[in-house]
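Q: Just dropping this structure here.
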Amino acid sequence: MNKRKVGSNRERLAAQYLTEKGMRILEANFRCRQGEIDLIGRHQGYLVFVEVKYRSAAEKGYALEAVDHRKQRRICRVADYYRYARGLGDETSVRYDVVGIQGSEIQWIQNAFPHIYARGY
């Protein structure tokens with residue numbers, strides 16, 4: 001099985017998990033020039049941007065550690081574009097979550113990192 005197919009399967013698993021926990025998934029794999037966000041949903045009054053990371057075993061590192069500052073900044077830029085493209089203003093409450101799948105264990109970190117503003121703001 002190739003990496004893209006494994007990633008898609010894990011993103012579907014994460015979406016199912018989040019749905020069972022009360023999140024309403026709006027979009028999957030939102031892509032734009034700035035990058036990609038795995039899942040976008042609504043949960044407890046927030047518009048939630050979710051990064052999904054998978055590692056089959058700890059030898060390759062931990063899934064949750066893979067969302068470094070650079071990746072966070074990219075997610076925030078895509079989220080800004082998404083809100084702009086959908087006509088959602090700054091009054092929209094936003095949250096950034098990470099779902100880490102390590103083997104068969106799923107961890108959901110809500111509000112995993114704060115918004116990182118683009119240069120010039």
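Following the order of the structure tokens, chains are lettered A, B, ..., residues in each are numbered from 1, and ligands are numbered from 1.
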Do a neighbour search on A:Glu27 at 8 Å with only C-alpha atoms, toss out local chain neighbours closer than 5 positions, and write the hits as a PyMOL selection string.

A: chain A and resi 39-41

Q: Find the residues around A:Leu18 up to 12 Å (only C-alpha atoms counted), leave out those fewer than 6 positions away in its own chain, and share them as an NGL selection string.

A: :A and (11-12 or 24-26 or 39-43 or 48-50 or 52 or 97-100 or 106-110)

Q: Show which residues sit within 10 Å of A:Ile37, as a PyMOL selection string. Count only C-alpha atoms, and ignore same-chain residues fewer than 4 positions away.

A: chain A and resi 27-32+49-52+74-76+78-79+82

Q: Save out the residues we just selected, N, CA and C atoms, as an mmCIF file, in the first residue's frame.

A:
data_model
loop_
_atom_site.group_PDB
_atom_site.id
_atom_site.type_symbol
_atom_site.label_atom_id
_atom_site.label_comp_id
_atom_site.auth_asym_id
_atom_site.auth_seq_id
_atom_site.Cartn_x
_atom_site.Cartn_y
_atom_site.Cartn_z
ATOM 1 N N GLU A 27 -15.205 19.626 5.585
ATOM 2 C CA GLU A 27 -14.391 19.338 4.397
ATOM 3 C C GLU A 27 -13.210 18.451 4.768
ATOM 4 N N ALA A 28 -12.750 17.726 3.781
ATOM 5 C CA ALA A 28 -11.529 16.922 3.934
ATOM 6 C C ALA A 28 -10.574 17.299 2.811
ATOM 7 N N ASN A 29 -9.300 17.348 3.155
ATOM 8 C CA ASN A 29 -8.247 17.631 2.180
ATOM 9 C C ASN A 29 -8.479 18.929 1.414
ATOM 10 N N PHE A 30 -8.706 20.008 2.147
ATOM 11 C CA PHE A 30 -8.846 21.324 1.520
ATOM 12 C C PHE A 30 -7.474 21.766 1.039
ATOM 13 N N ARG A 31 -7.402 22.054 -0.261
ATOM 14 C CA ARG A 31 -6.124 22.454 -0.854
ATOM 15 C C ARG A 31 -6.254 23.833 -1.488
ATOM 16 N N CYS A 32 -5.174 24.581 -1.362
ATOM 17 C CA CYS A 32 -5.067 25.859 -2.042
ATOM 18 C C CYS A 32 -3.581 26.116 -2.285
ATOM 19 N N PHE A 49 -9.606 23.450 12.415
ATOM 20 C CA PHE A 49 -8.705 22.974 11.381
ATOM 21 C C PHE A 49 -7.875 21.859 12.001
ATOM 22 N N VAL A 50 -7.935 20.682 11.376
ATOM 23 C CA VAL A 50 -7.338 19.481 11.972
ATOM 24 C C VAL A 50 -6.228 18.934 11.085
ATOM 25 N N GLU A 51 -5.073 18.744 11.694
ATOM 26 C CA GLU A 51 -3.958 18.068 11.032
ATOM 27 C C GLU A 51 -3.933 16.632 11.557
ATOM 28 N N VAL A 52 -3.855 15.667 10.646
ATOM 29 C CA VAL A 52 -3.807 14.257 11.012
ATOM 30 C C VAL A 52 -2.407 13.734 10.707
ATOM 31 N N ARG A 74 2.129 27.006 8.264
ATOM 32 C CA ARG A 74 1.493 26.707 6.974
ATOM 33 C C ARG A 74 -0.005 26.446 7.164
ATOM 34 N N ILE A 75 -0.358 25.687 8.181
ATOM 35 C CA ILE A 75 -1.776 25.409 8.461
ATOM 36 C C ILE A 75 -2.523 26.716 8.714
ATOM 37 N N CYS A 76 -1.919 27.624 9.459
ATOM 38 C CA CYS A 76 -2.564 28.914 9.755
ATOM 39 C C CYS A 76 -2.772 29.737 8.489
ATOM 40 N N VAL A 78 -3.199 28.542 5.452
ATOM 41 C CA VAL A 78 -4.297 27.907 4.713
ATOM 42 C C VAL A 78 -5.629 28.229 5.386
ATOM 43 N N ALA A 79 -5.652 28.213 6.716
ATOM 44 C CA ALA A 79 -6.878 28.535 7.448
ATOM 45 C C ALA A 79 -7.319 29.971 7.168
ATOM 46 N N TYR A 82 -8.846 29.938 3.771
ATOM 47 C CA TYR A 82 -10.147 29.268 3.821
ATOM 48 C C TYR A 82 -11.217 30.230 4.333
#

Q: Hey, can you check how far atom CA of A:Ser93 sits from atom CA of A:Gln44?

A: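 Value for the atom CA of A:Ser93-atom CA of A:Gln44 distance: 10.0 Å.
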
Q: Could you state the separation of atom CA of A:Ile101 and atom CA of A:Gln72 in Å, given to one decimal place?

A: 17.8 Å

Q: Run DSSP on the backbone and grab whatever in stretch 21-99 of chain A lands in helix (DSSP H, G or I); send it over as a VMD selection string.

A: chain A and resid 58 to 60 63 to 66 69 to 85

Q: Between A:Gly22, A:Asn9, A:Leu47, A:Ala14, which is the closest to A:Arg86 once you count only C-alpha atoms?

A: A:Leu47

Q: Would you mind telling me which residue in A:Gln102, A:Gln34, A:Ser8, A:Gln16 lies nearest to A:Arg73 when using only C-alpha atoms?

A: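 Once distances to A:Arg73 are computed over only C-alpha atoms, the minimum belongs to A:Gln34.
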
Q: Between atom CA of A:Gly89 and atom CA of A:Pro114, measure the distance and give it in Å to one decimal.

A: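 Atom-to-atom, atom CA of A:Gly89 and atom CA of A:Pro114 are spaced 17.6 Å apart.
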
Q: Tell me which protein, DNA and RNA residues are within 10 Å of A:Gly45, counting only C-alpha atoms, leaving out same-chain ones fewer than 4 positions away, and put them as a PyMOL selection string.

A: chain A and resi 92-95
